[in-house]
Amino acid sequence: WVDVKWTDGDRQRFPLEHAKFRADPRLTASSVPPQGDDDPMDWNTTTRAFISCFRMGDCYTTIFEDLVYDRLAGCDELLERLRIPMFEEKSVVQPMHSKAVPGEGTYERVRRQTYWISLHIWLLHIKQHAIQEGESLWVSALCALLTRRMFEYEWNLVKGLLHAADVPIMSVTGEVLDMQEFVFGLCVALDDAFKEEAPRGCAHALALEDSELESGRSGLAPRVKYALWANVYSGAIAHDADELYELTVYLLRQRILMESLQRDAFLSRRFNWTEHPPRS
């Protein structure tokens with residue numbers, strides 16, 4: 001978790017960034033096509049969810065695992081634009097008495113890949129958390145199952161990345177714990193940004209004029225961008241780097257989508273990640 005205190009330069013930059021993001025046509029509510037519908041969960045999905053909640057087998061959360069995996073495979077162009085290291089198919093089985101060791105830059109690569117996975121898990125977690133408030137015991141149990149299984153899925157993916165990177169077996173558990181601390185910090189920073197800057201929703205916050213910002217507020221997009229800069233990119237790139245700007249836009253567009261989804265459309269997974277068009 002990279003916790004960097006704001007400098008005077010950051011505070012001077014935030015108003016300029018807020019105006020820049022506000023002018024980006026990709027960050028209006030109308031630019032994110034609506035998905036899903038108002039139909040209730042069908043019996044097939046409901047049955048699979050019921051079986052999974054009672055721990056008779058997990059035949060529900062796999063549809064969300066597929067959604068996350070879609071951001072790992074088959075989106076190389078997007079990953080390149082965001083400077084996220086490609087996910088390569090590589091054996092995770094190490095031969096006995098292997099002397100292989102991680103190469104230069106391996107840990108930074110795996111950490112950035114882990115952050116990329118975590119952003120999508122966080123989006124799903126935030127949506128289920130919003131749904132869970134005030135719902136019945138059944139929906140609450142389903143949301144709790146989804147969060148637990150998705151985080152388990154994430155850490156299994158991370159373990160696979162570490163094994164594939166030739167991290168010694170005895171070190172994998174410790175490295176996963178380190179990754180969890182980093183990811184927790186990013187999630188806290190994002191949660192704080194949305195709680196403080198977007199109480200009426202992401203699209204509304206992005207459209208605010210400077211004069212409409214509450215006293216002491218910096219704007220949602222600059223706060224999100226700063227969290228991504230300090231964590232995903234480890235504070236090692238320029239604040240005006242294209243990949244940082246594009247990742248911020250990407251995440252905000254996905255958040256707009258999540259906030260627009262109806263409850264049953266989300267729980268039935270009748271949606272996909274929204275596209276990320278190039279900057280005009």
# chains A, B, ... in the order shown; residues from 1 in each chain; ligands from 1
call {"tool": "residues_around", "arguments": {"residues": "Thr147 of chain A", "least_positions_apart": "3", "cutoff": "12 Å", "atoms": "only C-alpha atoms", "output": "PDB file with N, CA, C and O atoms, in the first residue's frame"}}
result
ATOM      1  N   THR A  61     -21.183 -18.777  -8.680  1.00  0.00           N
ATOM      2  CA  THR A  61     -20.207 -17.696  -8.820  1.00  0.00           C
ATOM      3  C   THR A  61     -19.270 -17.892 -10.010  1.00  0.00           C
ATOM      4  O   THR A  61     -18.535 -16.972 -10.357  1.00  0.00           O
ATOM      5  N   PHE A  64     -19.376 -15.243 -12.625  1.00  0.00           N
ATOM      6  CA  PHE A  64     -18.638 -14.016 -12.323  1.00  0.00           C
ATOM      7  C   PHE A  64     -17.132 -14.233 -12.476  1.00  0.00           C
ATOM      8  O   PHE A  64     -16.408 -13.309 -12.859  1.00  0.00           O
ATOM      9  N   GLU A  65     -16.676 -15.439 -12.194  1.00  0.00           N
ATOM     10  CA  GLU A  65     -15.276 -15.761 -12.442  1.00  0.00           C
ATOM     11  C   GLU A  65     -14.958 -15.628 -13.927  1.00  0.00           C
ATOM     12  O   GLU A  65     -13.897 -15.115 -14.303  1.00  0.00           O
ATOM     13  N   HIS A 120     -11.305  -5.213 -10.762  1.00  0.00           N
ATOM     14  CA  HIS A 120     -12.568  -5.812 -11.217  1.00  0.00           C
ATOM     15  C   HIS A 120     -13.280  -6.531 -10.078  1.00  0.00           C
ATOM     16  O   HIS A 120     -14.516  -6.495  -9.990  1.00  0.00           O
ATOM     17  N   ILE A 121     -12.516  -7.157  -9.195  1.00  0.00           N
ATOM     18  CA  ILE A 121     -13.123  -7.759  -8.006  1.00  0.00           C
ATOM     19  C   ILE A 121     -13.747  -6.668  -7.146  1.00  0.00           C
ATOM     20  O   ILE A 121     -14.853  -6.831  -6.605  1.00  0.00           O
ATOM     21  N   TRP A 122     -13.052  -5.547  -7.019  1.00  0.00           N
ATOM     22  CA  TRP A 122     -13.564  -4.423  -6.228  1.00  0.00           C
ATOM     23  C   TRP A 122     -14.876  -3.902  -6.820  1.00  0.00           C
ATOM     24  O   TRP A 122     -15.825  -3.616  -6.078  1.00  0.00           O
ATOM     25  N   LEU A 123     -14.957  -3.785  -8.127  1.00  0.00           N
ATOM     26  CA  LEU A 123     -16.183  -3.307  -8.770  1.00  0.00           C
ATOM     27  C   LEU A 123     -17.362  -4.227  -8.447  1.00  0.00           C
ATOM     28  O   LEU A 123     -18.464  -3.760  -8.140  1.00  0.00           O
ATOM     29  N   LEU A 124     -17.133  -5.533  -8.516  1.00  0.00           N
ATOM     30  CA  LEU A 124     -18.193  -6.491  -8.199  1.00  0.00           C
ATOM     31  C   LEU A 124     -18.557  -6.422  -6.717  1.00  0.00           C
ATOM     32  O   LEU A 124     -19.745  -6.490  -6.348  1.00  0.00           O
ATOM     33  N   HIS A 125     -17.549  -6.277  -5.864  1.00  0.00           N
ATOM     34  CA  HIS A 125     -17.799  -6.202  -4.431  1.00  0.00           C
ATOM     35  C   HIS A 125     -18.624  -4.966  -4.082  1.00  0.00           C
ATOM     36  O   HIS A 125     -19.570  -5.044  -3.264  1.00  0.00           O
ATOM     37  N   ILE A 126     -18.279  -3.835  -4.659  1.00  0.00           N
ATOM     38  CA  ILE A 126     -19.003  -2.591  -4.369  1.00  0.00           C
ATOM     39  C   ILE A 126     -20.461  -2.708  -4.794  1.00  0.00           C
ATOM     40  O   ILE A 126     -21.367  -2.251  -4.083  1.00  0.00           O
ATOM     41  N   LYS A 127     -20.716  -3.334  -5.924  1.00  0.00           N
ATOM     42  CA  LYS A 127     -22.093  -3.479  -6.396  1.00  0.00           C
ATOM     43  C   LYS A 127     -22.891  -4.386  -5.476  1.00  0.00           C
ATOM     44  O   LYS A 127     -24.021  -4.057  -5.098  1.00  0.00           O
ATOM     45  N   GLN A 128     -22.332  -5.533  -5.104  1.00  0.00           N
ATOM     46  CA  GLN A 128     -23.084  -6.435  -4.224  1.00  0.00           C
ATOM     47  C   GLN A 128     -23.322  -5.789  -2.864  1.00  0.00           C
ATOM     48  O   GLN A 128     -24.350  -6.022  -2.231  1.00  0.00           O
ATOM     49  N   HIS A 129     -22.349  -4.983  -2.408  1.00  0.00           N
ATOM     50  CA  HIS A 129     -22.502  -4.314  -1.114  1.00  0.00           C
ATOM     51  C   HIS A 129     -23.652  -3.309  -1.162  1.00  0.00           C
ATOM     52  O   HIS A 129     -24.431  -3.190  -0.197  1.00  0.00           O
ATOM     53  N   GLN A 132     -26.884  -5.327  -1.118  1.00  0.00           N
ATOM     54  CA  GLN A 132     -27.118  -6.058   0.124  1.00  0.00           C
ATOM     55  C   GLN A 132     -27.818  -5.227   1.179  1.00  0.00           C
ATOM     56  O   GLN A 132     -28.590  -5.755   1.989  1.00  0.00           O
ATOM     57  N   SER A 140     -28.998 -11.241   0.886  1.00  0.00           N
ATOM     58  CA  SER A 140     -27.798 -10.953   1.669  1.00  0.00           C
ATOM     59  C   SER A 140     -26.846 -12.142   1.671  1.00  0.00           C
ATOM     60  O   SER A 140     -25.627 -11.976   1.510  1.00  0.00           O
ATOM     61  N   ALA A 141     -27.388 -13.344   1.812  1.00  0.00           N
ATOM     62  CA  ALA A 141     -26.554 -14.546   1.793  1.00  0.00           C
ATOM     63  C   ALA A 141     -25.916 -14.743   0.422  1.00  0.00           C
ATOM     64  O   ALA A 141     -24.743 -15.138   0.317  1.00  0.00           O
ATOM     65  N   LEU A 142     -26.661 -14.444  -0.617  1.00  0.00           N
ATOM     66  CA  LEU A 142     -26.132 -14.588  -1.974  1.00  0.00           C
ATOM     67  C   LEU A 142     -25.007 -13.595  -2.227  1.00  0.00           C
ATOM     68  O   LEU A 142     -23.971 -13.943  -2.821  1.00  0.00           O
ATOM     69  N   CYS A 143     -25.176 -12.365  -1.770  1.00  0.00           N
ATOM     70  CA  CYS A 143     -24.138 -11.346  -1.939  1.00  0.00           C
ATOM     71  C   CYS A 143     -22.881 -11.712  -1.144  1.00  0.00           C
ATOM     72  O   CYS A 143     -21.751 -11.529  -1.630  1.00  0.00           O
ATOM     73  N   ALA A 144     -23.070 -12.221   0.080  1.00  0.00           N
ATOM     74  CA  ALA A 144     -21.928 -12.620   0.892  1.00  0.00           C
ATOM     75  C   ALA A 144     -21.170 -13.767   0.230  1.00  0.00           C
ATOM     76  O   ALA A 144     -19.938 -13.803   0.229  1.00  0.00           O
ATOM     77  N   MET A 150     -15.373 -14.641  -4.837  1.00  0.00           N
ATOM     78  CA  MET A 150     -14.600 -13.861  -5.799  1.00  0.00           C
ATOM     79  C   MET A 150     -13.229 -13.501  -5.243  1.00  0.00           C
ATOM     80  O   MET A 150     -12.233 -13.490  -5.967  1.00  0.00           O
ATOM     81  N   PHE A 151     -13.145 -13.214  -3.945  1.00  0.00           N
ATOM     82  CA  PHE A 151     -11.830 -12.951  -3.365  1.00  0.00           C
ATOM     83  C   PHE A 151     -10.996 -14.229  -3.310  1.00  0.00           C
ATOM     84  O   PHE A 151      -9.781 -14.190  -3.522  1.00  0.00           O
ATOM     85  N   GLU A 152     -11.630 -15.363  -3.040  1.00  0.00           N
ATOM     86  CA  GLU A 152     -10.906 -16.635  -3.091  1.00  0.00           C
ATOM     87  C   GLU A 152     -10.367 -16.879  -4.504  1.00  0.00           C
ATOM     88  O   GLU A 152      -9.226 -17.329  -4.681  1.00  0.00           O
ATOM     89  N   TYR A 153     -11.200 -16.580  -5.493  1.00  0.00           N
ATOM     90  CA  TYR A 153     -10.788 -16.751  -6.891  1.00  0.00           C
ATOM     91  C   TYR A 153      -9.600 -15.851  -7.212  1.00  0.00           C
ATOM     92  O   TYR A 153      -8.640 -16.273  -7.876  1.00  0.00           O
ATOM     93  N   GLU A 154      -9.657 -14.607  -6.726  1.00  0.00           N
ATOM     94  CA  GLU A 154      -8.557 -13.679  -6.986  1.00  0.00           C
ATOM     95  C   GLU A 154      -7.237 -14.213  -6.436  1.00  0.00           C
ATOM     96  O   GLU A 154      -6.215 -14.223  -7.135  1.00  0.00           O
ATOM     97  N   LEU A 267     -27.228  -9.781 -10.291  1.00  0.00           N
ATOM     98  CA  LEU A 267     -27.145 -11.092  -9.661  1.00  0.00           C
ATOM     99  C   LEU A 267     -27.262 -12.230 -10.661  1.00  0.00           C
ATOM    100  O   LEU A 267     -26.760 -13.327 -10.422  1.00  0.00           O
TER     101      LEU A 267
END
call {"tool": "residues_around", "arguments": {"residues": "Ile84 of chain A", "least_positions_apart": "2", "cutoff": "7 Å", "atoms": "only C-alpha atoms", "output": "JSON list (two decimals) with N, CA and C atoms, in the first residue's frame"}}
result
[["chain", "number", "residue", "atom", "x", "y", "z"],
["A", 79, "LEU", "N", -4.77, -4.05, -22.45],
["A", 79, "LEU", "CA", -3.68, -4.14, -21.47],
["A", 79, "LEU", "C", -2.47, -3.35, -21.92],
["A", 80, "GLU", "N", -2.19, -3.38, -23.20],
["A", 80, "GLU", "CA", -1.05, -2.63, -23.72],
["A", 80, "GLU", "C", -1.27, -1.13, -23.57],
["A", 82, "LEU", "N", -2.91, 0.34, -21.31],
["A", 82, "LEU", "CA", -2.86, 0.70, -19.90],
["A", 82, "LEU", "C", -1.53, 0.32, -19.25],
["A", 86, "MET", "N", 1.06, -8.34, -19.88],
["A", 86, "MET", "CA", 0.21, -9.37, -20.46],
["A", 86, "MET", "C", 0.18, -10.60, -19.55],
["A", 112, "ARG", "N", 1.46, -5.50, -10.50],
["A", 112, "ARG", "CA", 0.57, -4.71, -11.35],
["A", 112, "ARG", "C", -0.55, -5.58, -11.93],
["A", 113, "GLN", "N", -0.24, -6.81, -12.27],
["A", 113, "GLN", "CA", -1.28, -7.73, -12.73],
["A", 113, "GLN", "C", -2.30, -7.99, -11.63]]
call {"tool": "residues_around", "arguments": {"residues": "Arg253 of chain A", "least_positions_apart": "4", "cutoff": "7 Å", "atoms": "only C-alpha atoms", "output": "MDAnalysis selection string"}}
result
chainID A and resid 27 32 249 257
call {"tool": "write_last_selection", "arguments": {"atoms": "N, CA, C and O atoms", "output": "PDB file, in the first residue's frame"}}
result
ATOM      1  N   LEU A  27     -16.993  10.026 -20.279  1.00  0.00           N
ATOM      2  CA  LEU A  27     -17.336   9.961 -18.866  1.00  0.00           C
ATOM      3  C   LEU A  27     -18.696  10.574 -18.551  1.00  0.00           C
ATOM      4  O   LEU A  27     -18.954  10.979 -17.413  1.00  0.00           O
ATOM      5  N   VAL A  32     -22.093   5.437 -21.544  1.00  0.00           N
ATOM      6  CA  VAL A  32     -22.004   4.040 -21.113  1.00  0.00           C
ATOM      7  C   VAL A  32     -23.340   3.371 -21.401  1.00  0.00           C
ATOM      8  O   VAL A  32     -24.325   3.625 -20.704  1.00  0.00           O
ATOM      9  N   VAL A 249     -10.105   6.591 -16.637  1.00  0.00           N
ATOM     10  CA  VAL A 249     -11.338   6.634 -17.434  1.00  0.00           C
ATOM     11  C   VAL A 249     -11.977   5.244 -17.476  1.00  0.00           C
ATOM     12  O   VAL A 249     -13.200   5.097 -17.327  1.00  0.00           O
ATOM     13  N   LEU A 257     -21.289   1.915 -15.088  1.00  0.00           N
ATOM     14  CA  LEU A 257     -22.071   0.740 -15.488  1.00  0.00           C
ATOM     15  C   LEU A 257     -22.627   0.022 -14.263  1.00  0.00           C
ATOM     16  O   LEU A 257     -23.820  -0.316 -14.215  1.00  0.00           O
TER      17      LEU A 257
END
call {"tool": "closest_residue", "arguments": {"among": "A:Pro277, A:Pro168, A:Gly105, A:Pro222", "to": "Trp6 of chain A", "atoms": "only C-alpha atoms"}}
result
A:Pro222
call {"tool": "residues_around", "arguments": {"residues": "segment 208-212 of chain A", "least_positions_apart": "6", "cutoff": "9 Å", "atoms": "only C-alpha atoms", "output": "list in words"}}
result
Pro15, His18, Ala19, Arg22, Ser218 and Gly219 of chain A
call {"tool": "write_last_selection", "arguments": {"atoms": "all heavy atoms", "output": "short mmCIF file (atom, residue, chain, number, x, y, z; two decimals), in the first residue's frame"}}
result
data_model
loop_
_atom_site.label_atom_id
_atom_site.label_comp_id
_atom_site.auth_asym_id
_atom_site.auth_seq_id
_atom_site.Cartn_x
_atom_site.Cartn_y
_atom_site.Cartn_z
N PRO A 15 -7.75 20.64 -9.61
CA PRO A 15 -8.79 21.37 -10.36
C PRO A 15 -8.63 21.26 -11.87
O PRO A 15 -9.62 21.16 -12.61
CB PRO A 15 -8.62 22.81 -9.88
CG PRO A 15 -7.94 22.71 -8.56
CD PRO A 15 -7.02 21.53 -8.67
N HIS A 18 -9.76 17.77 -12.80
CA HIS A 18 -11.22 17.65 -12.71
C HIS A 18 -11.88 18.21 -13.97
O HIS A 18 -12.81 17.59 -14.53
CB HIS A 18 -11.73 18.39 -11.47
CG HIS A 18 -13.22 18.34 -11.31
ND1 HIS A 18 -13.91 17.17 -11.04
CD2 HIS A 18 -14.16 19.32 -11.41
CE1 HIS A 18 -15.20 17.43 -10.97
NE2 HIS A 18 -15.38 18.73 -11.19
N ALA A 19 -11.41 19.36 -14.43
CA ALA A 19 -11.97 19.96 -15.63
C ALA A 19 -11.69 19.10 -16.86
O ALA A 19 -12.55 18.95 -17.75
CB ALA A 19 -11.39 21.36 -15.82
N ARG A 22 -13.96 16.08 -16.73
CA ARG A 22 -15.34 16.49 -16.95
C ARG A 22 -15.62 16.72 -18.43
O ARG A 22 -16.72 16.46 -18.93
CB ARG A 22 -15.65 17.77 -16.16
CG ARG A 22 -17.12 18.20 -16.23
CD ARG A 22 -17.38 19.45 -15.40
NE ARG A 22 -16.67 20.59 -15.92
CZ ARG A 22 -15.75 21.28 -15.24
NH1 ARG A 22 -15.43 20.92 -14.02
NH2 ARG A 22 -15.15 22.32 -15.77
N SER A 218 -11.89 17.69 -3.84
CA SER A 218 -10.98 17.84 -4.98
C SER A 218 -11.56 17.34 -6.30
O SER A 218 -10.97 17.56 -7.35
CB SER A 218 -9.68 17.07 -4.70
OG SER A 218 -9.11 17.47 -3.47
N GLY A 219 -12.71 16.66 -6.23
CA GLY A 219 -13.28 16.07 -7.43
C GLY A 219 -13.00 14.57 -7.46
O GLY A 219 -11.93 14.12 -7.04
#
call {"tool": "closest_residue", "arguments": {"among": "A:Cys53, A:Leu119, A:Val158, A:Ala164", "to": "Gln254 of chain A", "atoms": "only C-alpha atoms"}}
result
A:Leu119
call {"tool": "closest_residue", "arguments": {"among": "A:Phe87, A:Met179, A:Cys187, A:Leu206", "to": "Cys75 of chain A", "atoms": "only C-alpha atoms"}}
result
A:Phe87
call {"tool": "residues_around", "arguments": {"residues": "Ala49 of chain A", "least_positions_apart": "3", "cutoff": "6 Å", "atoms": "only C-alpha atoms", "output": "VMD selection string"}}
result
chain A and resid 46 52 60
call {"tool": "select_by_dssp", "arguments": {"residues": "segment 184-280 of chain A", "states": "helix (DSSP H, G or I)", "output": "MDAnalysis selection string"}}
result
chainID A and resid 184:197 202:206 210:212 220:231 242:260 263:267
call {"tool": "residues_around", "arguments": {"residues": "Phe194 of chain A", "least_positions_apart": "5", "cutoff": "10 Å", "atoms": "only C-alpha atoms", "output": "ChimeraX atom specification"}}
result
/A:189,199-202,205,219-221,223-224
call {"tool": "atom_distance", "arguments": {"atom1": "atom CA of Arg149 of chain A", "atom2": "atom CA of Asp58 of chain A"}}
result
8.9 Å
call {"tool": "residues_around", "arguments": {"residues": "Ser30 of chain A", "least_positions_apart": "6", "cutoff": "12 Å", "atoms": "only C-alpha atoms", "output": "PyMOL selection string"}}
result
chain A and resi 203-204+207+253+256-257+260
call {"tool": "write_last_selection", "arguments": {"atoms": "C-alpha atoms", "output": "PDB file, in the first residue's frame"}}
result
ATOM      1  CA  ALA A 203     -21.794  10.125 -13.186  1.00  0.00           C
ATOM      2  CA  HIS A 204     -23.166  13.006 -11.108  1.00  0.00           C
ATOM      3  CA  ALA A 207     -20.311  16.287 -14.175  1.00  0.00           C
ATOM      4  CA  ARG A 253     -16.775   3.919 -16.904  1.00  0.00           C
ATOM      5  CA  ILE A 256     -20.955   4.051 -13.991  1.00  0.00           C
ATOM      6  CA  LEU A 257     -22.071   0.740 -15.488  1.00  0.00           C
ATOM      7  CA  SER A 260     -26.767   1.632 -13.445  1.00  0.00           C
TER       8      SER A 260
END
call {"tool": "atom_distance", "arguments": {"atom1": "atom CA of Phe14 of chain A", "atom2": "atom CA of Ser280 of chain A"}}
result
22.1 Å
call {"tool": "atom_distance", "arguments": {"atom1": "atom CA of Ala73 of chain A", "atom2": "atom CA of Gly174 of chain A"}}
result
26.6 Å
call {"tool": "closest_residue", "arguments": {"among": "A:Trp229, A:Phe182, A:Phe271, A:Phe21", "to": "Asp66 of chain A", "atoms": "only C-alpha atoms"}}
result
A:Phe271
